[in-house]
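Enquirer: Just one file: entry-v6.tsv, with TSV, C-alpha atoms.
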```tsv
chain	number	residue	atom	x	y	z
A	1	MET	CA	-194.55	8.03	-72.56
A	2	GLY	CA	-195.72	5.38	-75.04
A	3	ASP	CA	-193.81	2.16	-75.63
A	4	VAL	CA	-192.98	3.14	-79.22
A	5	ALA	CA	-191.47	6.44	-78.09
A	6	LYS	CA	-189.52	4.69	-75.33
A	7	ASP	CA	-188.12	2.10	-77.75
A	8	LEU	CA	-187.26	4.84	-80.22
A	9	THR	CA	-185.42	6.90	-77.62
A	10	ALA	CA	-183.61	3.97	-76.01
A	11	GLY	CA	-182.72	2.52	-79.41
A	12	THR	CA	-181.24	5.83	-80.51
A	13	VAL	CA	-179.05	6.07	-77.41
A	14	GLY	CA	-177.98	2.46	-77.81
A	15	GLY	CA	-177.15	2.94	-81.46
A	16	ALA	CA	-175.03	6.00	-80.77
A	17	ALA	CA	-173.03	4.07	-78.16
A	18	GLN	CA	-172.59	1.19	-80.59
A	19	LEU	CA	-171.42	3.45	-83.41
A	20	VAL	CA	-168.82	5.39	-81.43
A	21	CYS	CA	-167.41	2.20	-79.94
A	22	GLY	CA	-167.43	0.07	-83.07
A	23	HIS	CA	-166.87	2.20	-86.16
A	24	PRO	CA	-163.04	1.97	-86.31
A	25	PHE	CA	-163.31	-1.85	-86.30
A	26	ASP	CA	-165.90	-1.61	-89.09
A	27	THR	CA	-163.63	0.57	-91.20
A	28	ILE	CA	-160.83	-2.01	-91.02
A	29	LYS	CA	-163.28	-4.84	-91.76
A	30	VAL	CA	-164.50	-3.17	-94.95
A	31	LYS	CA	-160.97	-2.32	-96.10
A	32	LEU	CA	-159.92	-5.96	-95.72
A	33	GLN	CA	-163.09	-7.17	-97.47
A	34	SER	CA	-162.83	-4.81	-100.43
A	35	GLN	CA	-159.09	-4.85	-101.21
A	36	PRO	CA	-158.52	-6.40	-104.66
A	37	THR	CA	-157.23	-9.95	-104.94
A	38	PRO	CA	-153.46	-9.66	-105.58
A	39	LEU	CA	-151.99	-11.00	-108.80
A	40	PRO	CA	-149.85	-14.15	-108.59
A	41	GLY	CA	-146.56	-13.31	-106.88
A	42	GLN	CA	-147.90	-10.05	-105.43
A	43	LEU	CA	-148.73	-9.33	-101.81
A	44	PRO	CA	-152.13	-7.93	-100.76
A	45	LYS	CA	-152.25	-4.25	-99.82
A	46	TYR	CA	-152.97	-5.15	-96.20
A	47	ALA	CA	-151.25	-8.10	-94.52
A	48	GLY	CA	-153.97	-8.22	-91.88
A	49	ALA	CA	-156.05	-6.17	-89.47
A	50	PHE	CA	-153.16	-4.60	-87.58
A	51	ASP	CA	-151.40	-3.70	-90.82
A	52	ALA	CA	-154.61	-2.08	-92.10
A	53	VAL	CA	-154.81	-0.01	-88.92
A	54	ARG	CA	-151.17	1.02	-89.23
A	55	GLN	CA	-151.46	2.03	-92.89
A	56	THR	CA	-154.74	3.86	-92.35
A	57	ILE	CA	-153.35	5.97	-89.49
A	58	ALA	CA	-150.12	6.64	-91.41
A	59	ALA	CA	-151.97	7.80	-94.53
A	60	GLU	CA	-155.06	9.47	-93.10
A	61	GLY	CA	-154.46	10.01	-89.41
A	62	ALA	CA	-156.62	8.59	-86.64
A	63	GLY	CA	-159.63	10.23	-88.29
A	64	GLY	CA	-159.29	7.73	-91.13
A	65	LEU	CA	-160.63	5.05	-88.80
A	66	TYR	CA	-163.87	7.02	-88.58
A	67	LYS	CA	-164.21	7.57	-92.33
A	68	GLY	CA	-167.75	7.02	-93.54
A	69	MET	CA	-169.26	7.54	-90.09
A	70	GLY	CA	-171.37	10.45	-91.33
A	71	ALA	CA	-173.91	8.23	-93.07
A	72	PRO	CA	-174.57	5.85	-90.15
A	73	LEU	CA	-174.39	8.73	-87.65
A	74	ALA	CA	-177.04	10.60	-89.61
A	75	THR	CA	-179.29	7.55	-89.67
A	76	VAL	CA	-178.46	5.89	-86.36
A	77	ALA	CA	-181.63	7.26	-84.79
A	78	ALA	CA	-183.84	5.92	-87.58
A	79	PHE	CA	-181.97	2.59	-87.83
A	80	ASN	CA	-182.21	1.74	-84.14
A	81	ALA	CA	-185.68	3.21	-83.86
A	82	VAL	CA	-186.84	0.76	-86.54
A	83	LEU	CA	-184.89	-2.17	-85.09
A	84	PHE	CA	-185.97	-1.83	-81.47
A	85	THR	CA	-189.46	-0.48	-82.18
A	86	VAL	CA	-190.37	-3.28	-84.59
A	87	ARG	CA	-188.94	-5.78	-82.13
A	88	GLY	CA	-190.97	-4.17	-79.33
A	89	GLN	CA	-194.19	-4.21	-81.33
A	90	MET	CA	-193.68	-7.85	-82.28
A	91	GLU	CA	-193.11	-8.64	-78.61
A	92	SER	CA	-196.48	-7.03	-77.86
A	93	LEU	CA	-198.18	-9.13	-80.53
A	94	LEU	CA	-196.67	-12.37	-79.25
A	95	ARG	CA	-197.37	-11.82	-75.54
A	96	SER	CA	-200.23	-13.87	-74.13
A	97	HIS	CA	-201.12	-10.92	-71.90
A	98	PRO	CA	-199.59	-7.49	-71.17
A	99	GLY	CA	-196.35	-7.79	-69.23
A	100	ALA	CA	-195.90	-11.49	-69.92
A	101	SER	CA	-192.34	-12.69	-70.54
A	102	LEU	CA	-191.51	-14.10	-73.95
A	103	THR	CA	-189.73	-17.37	-74.61
A	104	VAL	CA	-186.35	-17.46	-76.30
A	105	SER	CA	-188.01	-18.87	-79.44
A	106	GLN	CA	-190.38	-15.91	-79.55
A	107	GLN	CA	-187.43	-13.54	-79.26
A	108	PHE	CA	-185.90	-15.23	-82.31
A	109	VAL	CA	-189.09	-14.42	-84.23
A	110	CYS	CA	-189.09	-10.81	-82.99
A	111	GLY	CA	-185.46	-10.40	-84.04
A	112	ALA	CA	-186.12	-11.80	-87.51
A	113	GLY	CA	-189.02	-9.41	-88.05
A	114	ALA	CA	-186.95	-6.46	-86.88
A	115	GLY	CA	-184.10	-7.55	-89.18
A	116	PHE	CA	-186.42	-7.65	-92.19
A	117	ALA	CA	-187.70	-4.13	-91.51
A	118	VAL	CA	-184.30	-2.60	-90.85
A	119	SER	CA	-182.77	-4.07	-94.05
A	120	PHE	CA	-184.43	-1.36	-96.12
A	121	LEU	CA	-182.63	1.33	-94.15
A	122	ALA	CA	-179.38	-0.56	-93.67
A	123	CYS	CA	-178.78	-1.20	-97.38
A	124	PRO	CA	-178.47	2.39	-98.70
A	125	THR	CA	-176.74	3.55	-95.52
A	126	GLU	CA	-174.11	0.84	-95.76
A	127	LEU	CA	-173.61	1.33	-99.49
A	128	ILE	CA	-172.58	4.92	-98.79
A	129	LYS	CA	-170.41	3.89	-95.84
A	130	CYS	CA	-168.70	1.07	-97.73
A	131	ARG	CA	-167.92	3.28	-100.74
A	132	LEU	CA	-166.17	5.80	-98.51
A	133	GLN	CA	-164.34	3.20	-96.44
A	134	ALA	CA	-163.22	1.17	-99.46
A	135	GLN	CA	-162.09	4.19	-101.45
A	136	SER	CA	-158.70	4.43	-99.76
A	137	ALA	CA	-158.26	0.64	-99.80
A	138	LEU	CA	-158.74	0.55	-103.57
A	139	ALA	CA	-156.69	3.67	-104.30
A	140	GLY	CA	-153.60	3.09	-106.35
A	141	THR	CA	-154.65	-0.33	-107.59
A	142	GLY	CA	-155.92	0.86	-110.96
A	143	ALA	CA	-159.36	-0.49	-110.14
A	144	ALA	CA	-162.13	1.15	-112.09
A	145	ALA	CA	-164.13	1.42	-108.87
A	146	VAL	CA	-161.98	4.34	-107.75
A	147	ALA	CA	-162.20	6.30	-111.00
A	148	VAL	CA	-164.77	8.46	-109.21
A	149	LYS	CA	-163.74	10.01	-105.91
A	150	TYR	CA	-166.34	10.79	-103.29
A	151	GLY	CA	-166.22	13.92	-101.18
A	152	GLY	CA	-168.48	12.61	-98.44
A	153	PRO	CA	-171.74	10.77	-97.74
A	154	MET	CA	-173.98	13.21	-99.63
A	155	ASP	CA	-171.61	13.17	-102.60
A	156	VAL	CA	-171.83	9.36	-102.74
A	157	ALA	CA	-175.63	9.55	-102.66
A	158	ARG	CA	-175.72	12.22	-105.41
A	159	GLN	CA	-173.41	10.31	-107.72
A	160	VAL	CA	-175.22	7.00	-107.21
A	161	LEU	CA	-178.61	8.63	-107.86
A	162	ARG	CA	-177.28	10.37	-110.97
A	163	SER	CA	-175.32	7.57	-112.60
A	164	GLU	CA	-176.40	4.22	-111.14
A	165	GLY	CA	-180.11	4.02	-111.86
A	166	GLY	CA	-181.59	6.46	-109.38
A	167	VAL	CA	-182.98	5.20	-106.08
A	168	ARG	CA	-182.51	1.61	-107.23
A	169	GLY	CA	-178.74	2.17	-107.17
A	170	LEU	CA	-178.84	2.93	-103.45
A	171	PHE	CA	-180.39	-0.50	-102.84
A	172	LYS	CA	-177.62	-2.44	-104.52
A	173	GLY	CA	-176.88	-5.41	-102.26
A	174	LEU	CA	-180.37	-5.55	-100.70
A	175	ILE	CA	-180.64	-9.35	-100.95
A	176	PRO	CA	-177.40	-10.09	-99.04
A	177	THR	CA	-178.31	-7.31	-96.61
A	178	MET	CA	-181.52	-9.20	-95.82
A	179	GLY	CA	-179.51	-12.42	-95.71
A	180	ARG	CA	-177.46	-10.81	-92.97
A	181	GLU	CA	-180.05	-8.84	-91.03
A	182	ILE	CA	-182.91	-11.37	-90.79
A	183	PRO	CA	-181.05	-14.42	-89.43
A	184	GLY	CA	-178.45	-12.25	-87.73
A	185	ASN	CA	-180.94	-10.29	-85.64
A	186	ALA	CA	-182.95	-13.45	-84.96
A	187	ILE	CA	-179.92	-15.13	-83.40
A	188	MET	CA	-178.73	-11.95	-81.68
A	189	PHE	CA	-181.97	-11.17	-79.86
A	190	GLY	CA	-182.56	-14.85	-79.15
A	191	VAL	CA	-179.11	-15.34	-77.64
A	192	TYR	CA	-179.42	-12.08	-75.71
A	193	GLU	CA	-182.67	-13.19	-74.10
A	194	ALA	CA	-181.38	-16.72	-73.43
A	195	LEU	CA	-178.29	-15.37	-71.65
A	196	LYS	CA	-180.28	-12.85	-69.62
A	197	GLN	CA	-182.67	-15.57	-68.43
A	198	ARG	CA	-179.76	-17.84	-67.58
A	199	PHE	CA	-178.01	-15.13	-65.57
A	200	ALA	CA	-181.28	-14.22	-63.82
A	201	GLY	CA	-182.20	-17.83	-63.13
A	202	GLY	CA	-185.65	-17.33	-64.63
A	203	THR	CA	-187.76	-15.20	-66.95
A	204	ASP	CA	-187.67	-12.08	-64.76
A	205	THR	CA	-184.51	-10.29	-65.93
A	206	SER	CA	-185.33	-6.83	-64.58
A	207	GLY	CA	-182.85	-7.11	-61.71
A	208	LEU	CA	-179.76	-8.00	-63.74
A	209	SER	CA	-176.56	-6.09	-63.05
A	210	ARG	CA	-174.84	-3.92	-65.64
A	211	GLY	CA	-172.06	-6.49	-65.85
A	212	SER	CA	-174.53	-9.23	-66.80
A	213	LEU	CA	-176.11	-7.00	-69.44
A	214	ILE	CA	-172.66	-6.20	-70.88
A	215	VAL	CA	-171.74	-9.89	-71.12
A	216	ALA	CA	-175.12	-10.85	-72.62
A	217	GLY	CA	-175.02	-8.01	-75.14
A	218	GLY	CA	-171.43	-8.67	-76.16
A	219	LEU	CA	-171.93	-12.40	-76.69
A	220	ALA	CA	-175.21	-11.79	-78.51
A	221	GLY	CA	-173.48	-9.40	-80.89
A	222	GLY	CA	-170.68	-11.89	-81.47
A	223	SER	CA	-173.24	-14.57	-82.36
A	224	PHE	CA	-174.68	-12.26	-85.03
A	225	TRP	CA	-171.43	-12.08	-86.98
A	226	PHE	CA	-170.40	-15.65	-86.36
A	227	LEU	CA	-173.59	-16.81	-88.11
A	228	VAL	CA	-173.86	-14.47	-91.10
A	229	TYR	CA	-170.38	-13.12	-91.84
A	230	PRO	CA	-170.05	-14.49	-95.41
A	231	THR	CA	-173.23	-12.67	-96.46
A	232	ASP	CA	-171.69	-9.42	-95.21
A	233	VAL	CA	-168.60	-10.01	-97.37
A	234	ILE	CA	-170.82	-10.57	-100.41
A	235	LYS	CA	-172.83	-7.44	-99.60
A	236	SER	CA	-169.69	-5.33	-99.30
A	237	VAL	CA	-168.09	-6.48	-102.57
A	238	LEU	CA	-171.35	-5.91	-104.45
A	239	GLN	CA	-171.80	-2.44	-103.01
A	240	VAL	CA	-168.29	-1.28	-103.94
A	241	ASP	CA	-168.35	-2.99	-107.36
A	242	ASP	CA	-168.02	-0.69	-110.38
A	243	HIS	CA	-171.41	0.09	-111.88
A	244	LYS	CA	-170.16	0.54	-115.46
A	245	ASN	CA	-167.84	-2.46	-115.50
A	246	PRO	CA	-169.14	-4.81	-112.80
A	247	LYS	CA	-167.07	-7.71	-111.62
A	248	PHE	CA	-170.08	-9.51	-110.17
A	249	SER	CA	-173.54	-10.05	-111.67
A	250	GLY	CA	-175.19	-10.77	-108.33
A	251	SER	CA	-174.92	-12.43	-104.95
A	252	LEU	CA	-174.49	-16.00	-106.22
A	253	ASP	CA	-171.93	-14.90	-108.80
A	254	ALA	CA	-169.99	-13.04	-106.09
A	255	PHE	CA	-170.06	-16.15	-103.90
A	256	ARG	CA	-168.80	-18.38	-106.71
A	257	LYS	CA	-166.04	-16.01	-107.78
A	258	ILE	CA	-164.77	-15.36	-104.26
A	259	LYS	CA	-164.79	-19.06	-103.47
A	260	SER	CA	-163.06	-19.88	-106.79
A	261	SER	CA	-160.29	-17.28	-106.46
A	262	GLU	CA	-159.70	-17.22	-102.71
A	263	GLY	CA	-161.36	-20.33	-101.29
A	264	PHE	CA	-163.72	-20.25	-98.34
A	265	LYS	CA	-161.27	-18.05	-96.44
A	266	GLY	CA	-162.16	-15.29	-98.90
A	267	LEU	CA	-165.65	-15.27	-97.41
A	268	TYR	CA	-164.14	-14.49	-94.01
A	269	LYS	CA	-161.91	-11.55	-94.94
A	270	GLY	CA	-162.07	-9.03	-92.11
A	271	PHE	CA	-163.66	-11.54	-89.71
A	272	GLY	CA	-161.25	-10.65	-86.89
A	273	PRO	CA	-162.08	-6.92	-86.88
A	274	ALA	CA	-165.79	-7.73	-87.23
A	275	MET	CA	-165.73	-9.91	-84.14
A	276	GLY	CA	-163.45	-7.45	-82.35
A	277	ARG	CA	-166.00	-4.73	-83.06
A	278	SER	CA	-169.13	-6.75	-82.45
A	279	ILE	CA	-168.55	-7.75	-78.85
A	280	PRO	CA	-167.73	-4.34	-77.28
A	281	ALA	CA	-170.02	-2.38	-79.63
A	282	ASN	CA	-173.07	-4.54	-78.94
A	283	ALA	CA	-172.27	-4.68	-75.24
A	284	ALA	CA	-172.36	-0.87	-75.26
A	285	CYS	CA	-175.52	-0.81	-77.37
A	286	PHE	CA	-177.57	-3.19	-75.23
A	287	LEU	CA	-176.37	-1.67	-71.96
A	288	ALA	CA	-177.24	1.86	-73.16
A	289	TYR	CA	-180.61	0.62	-74.46
A	290	GLU	CA	-181.54	-1.18	-71.23
A	291	MET	CA	-180.45	1.71	-68.99
A	292	THR	CA	-182.33	4.27	-71.06
A	293	ARG	CA	-185.44	2.10	-71.32
A	294	SER	CA	-185.40	1.53	-67.57
A	295	ALA	CA	-184.96	5.25	-66.86
A	296	LEU	CA	-187.98	6.04	-69.03
A	297	GLY	CA	-190.15	3.65	-67.02
```
Is it possible to express this structure as structure tokens?

Expert:
Amino acid sequence: MGDVAKDLTAGTVGGAAQLVCGHPFDTIKVKLQSQPTPLPGQLPKYAGAFDAVRQTIAAEGAGGLYKGMGAPLATVAAFNAVLFTVRGQMESLLRSHPGASLTVSQQFVCGAGAGFAVSFLACPTELIKCRLQAQSALAGTGAAAVAVKYGGPMDVARQVLRSEGGVRGLFKGLIPTMGREIPGNAIMFGVYEALKQRFAGGTDTSGLSRGSLIVAGGLAGGSFWFLVYPTDVIKSVLQVDDHKNPKFSGSLDAFRKIKSSEGFKGLYKGFGPAMGRSIPANAACFLAYEMTRSALG
């Protein structure tokens, strides 16, 4: 079985584990990010992460925490195939000879390259997901963004293609997506390799226990969000912005307006759920990837 096929298969299994474990956290993160700024004297719709969970379950049932999972579930195979396969091919290019271990710095480079490639799949997928997740958060606020209701992932895609400039509309937020994926995956894969080598006491990490892989994967995932979280906030507000009456003209305008109206804390809305998701979800992803890759030989 070729290396590309092995990376594709292992990446798919890892991505599925990550999605099932982490999607409820992601739903709460997007709801906190996309809720409108309250008027003076008014309270925000959600007082915090736990309040968002409580209101979501009360209004939509537990299934509301998995809203929007159809789009990433449908593309999880392709997303993780691209991420881990591009990383694997870059590893092959950077190795001095077949089977040679890579340095942590080289893993940073591999992660950055994988992040660039996966941005083109992540952007339309997350636009669909964010529209569905934010829909209930914006409901009842009078925001123009909820004038159109979406029946599901395919309905979002159809309406965007029809009324928001065709395929270009699905790539709204591509620049901040790249601003998240390129440095985020560079730091994630770099930290993951650094921790594995530290736990192994050298460059041969093949004998690490599952517990070590879980810790390395979880901390690596946490480092991703710690580094790039503000770019994710900007991406989310751009992707749920109303096409006909936009609040933001672009990434820099979104940054300025969020900072002006909410301060720097506005760039960290939903940070708690993001970190709460990232550690267990990425621990599950890397463990599933490593176990599957090892089983395939």

Enquirer: Counting all atoms listed in the file, what is within 10 Å of region 283-289 of chain A, bar same-chain residues fewer than 3 positions away, as a PyMOL selection string?

Expert: chain A and resi 6-22+80+84+192+209-222+278-280+292-295

Enquirer: Using all atoms listed in the file, pick whichever of A:Phe255, A:Phe199, A:Phe79, A:Tyr66 has the shortest atom-to-atom distance to Gly115 (chain A).

Expert: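 Ranking A:Phe255, A:Phe199, A:Phe79, A:Tyr66 by distance to Gly115 (chain A), first place goes to A:Phe79.
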
Enquirer: A:Ser260, A:Ala200, A:Leu102, A:Leu132: which is nearest Lys149 (chain A), counting all atoms listed in the file?

Expert: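 Closest candidate: A:Leu132.
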
Enquirer: Excluding same-chain residues fewer than 5 positions from region 173-180 of chain A, what lies within 6 Å of it counting only C-alpha atoms, as a PyMOL selection string?

Expert: chain A and resi 119+123+228+231+235+238-239

Enquirer: Would you mind listing what lies within 7 Å of region 51-56 of chain A as a list in words, with all atoms listed in the file counted and same-chain residues fewer than 6 positions away left out?

Expert: Ile28, Gly64 and Leu65 of chain A

Enquirer: Go ahead and compute the interatomic distance for CA of Ile182 (chain A) and CA of Glu262 (chain A), in Å to one decimal.

Expert: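 Separation between CA of Ile182 (chain A) and CA of Glu262 (chain A): 26.7 Å.
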
Enquirer: Quick one: residues within 12 Å of Ala49 (chain A), all atoms listed in the file, excluding same-chain residues fewer than 3 positions away - as a list in words?

Expert: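 So, after excluding close chain neighbours, the residues are Pro24, Phe25, Asp26, Thr27, Ile28, Lys29, Val30, Lys31, Leu32, Gln33, Lys45, Tyr46, Ala52, Val53, Arg54, Gln55, Thr56, Lys269, Gly270, Phe271, Gly272, Pro273, Ala274, Met275, Gly276 and Arg277 of chain A.
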
Enquirer: I need the chosen residues saved as a PDB file, in the coordinates of the input, with C-alpha atoms.

Expert:
```pdb
ATOM      1  CA  PRO A  24    -163.040   1.970 -86.310  1.00  0.00           C
ATOM      2  CA  PHE A  25    -163.310  -1.850 -86.300  1.00  0.00           C
ATOM      3  CA  ASP A  26    -165.900  -1.610 -89.090  1.00  0.00           C
ATOM      4  CA  THR A  27    -163.630   0.570 -91.200  1.00  0.00           C
ATOM      5  CA  ILE A  28    -160.830  -2.010 -91.020  1.00  0.00           C
ATOM      6  CA  LYS A  29    -163.280  -4.840 -91.760  1.00  0.00           C
ATOM      7  CA  VAL A  30    -164.500  -3.170 -94.950  1.00  0.00           C
ATOM      8  CA  LYS A  31    -160.970  -2.320 -96.100  1.00  0.00           C
ATOM      9  CA  LEU A  32    -159.920  -5.960 -95.720  1.00  0.00           C
ATOM     10  CA  GLN A  33    -163.090  -7.170 -97.470  1.00  0.00           C
ATOM     11  CA  LYS A  45    -152.250  -4.250 -99.820  1.00  0.00           C
ATOM     12  CA  TYR A  46    -152.970  -5.150 -96.200  1.00  0.00           C
ATOM     13  CA  ALA A  52    -154.610  -2.080 -92.100  1.00  0.00           C
ATOM     14  CA  VAL A  53    -154.810  -0.010 -88.920  1.00  0.00           C
ATOM     15  CA  ARG A  54    -151.170   1.020 -89.230  1.00  0.00           C
ATOM     16  CA  GLN A  55    -151.460   2.030 -92.890  1.00  0.00           C
ATOM     17  CA  THR A  56    -154.740   3.860 -92.350  1.00  0.00           C
ATOM     18  CA  LYS A 269    -161.910 -11.550 -94.940  1.00  0.00           C
ATOM     19  CA  GLY A 270    -162.070  -9.030 -92.110  1.00  0.00           C
ATOM     20  CA  PHE A 271    -163.660 -11.540 -89.710  1.00  0.00           C
ATOM     21  CA  GLY A 272    -161.250 -10.650 -86.890  1.00  0.00           C
ATOM     22  CA  PRO A 273    -162.080  -6.920 -86.880  1.00  0.00           C
ATOM     23  CA  ALA A 274    -165.790  -7.730 -87.230  1.00  0.00           C
ATOM     24  CA  MET A 275    -165.730  -9.910 -84.140  1.00  0.00           C
ATOM     25  CA  GLY A 276    -163.450  -7.450 -82.350  1.00  0.00           C
ATOM     26  CA  ARG A 277    -166.000  -4.730 -83.060  1.00  0.00           C
TER      27      ARG A 277
END
```

Enquirer: Tell me, in Å to one decimal, how far CA of Val4 (chain A) is from CA of Gly99 (chain A).

Expert: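 Distance between the two atoms: 15.2 Å.
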
Enquirer: Out of A:Ser101, A:Tyr229, A:Ile258, A:Val160, which residue has the shortest atom-to-atom distance to Gln197 (chain A) when counting only C-alpha atoms?

Expert: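 Among A:Ser101, A:Tyr229, A:Ile258, A:Val160, it is A:Ser101 that comes nearest to Gln197 (chain A).
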
Enquirer: So, counting all atoms listed in the file, which residue among A:Leu39, A:Asp241, A:Ile128, A:Asp3 is closest to Arg158 (chain A)?

Expert: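 So, comparing all the options, the nearest one is A:Ile128.
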
Enquirer: Figure out the distance between CA of Ser34 (chain A) and CA of Lys257 (chain A), please, to one decimal in Å.

Expert: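 Interatomic distance here is 13.8 Å.
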
Enquirer: Taking into account only C-alpha atoms, which residue in the set A:Ser92, A:Ser236, A:Asn245, A:Gln159 is nearest to Tyr268 (chain A)?

Expert: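 Looking only at the distances to Tyr268 (chain A), the closest residue turns out to be A:Ser236.
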
Enquirer: Could you check the closest approach to Cys130 (chain A) for each of A:Gly68, A:Gly113, A:Gly190, A:Gly166 and tell me which residue wins, using all atoms listed in the file?

Expert: A:Gly68
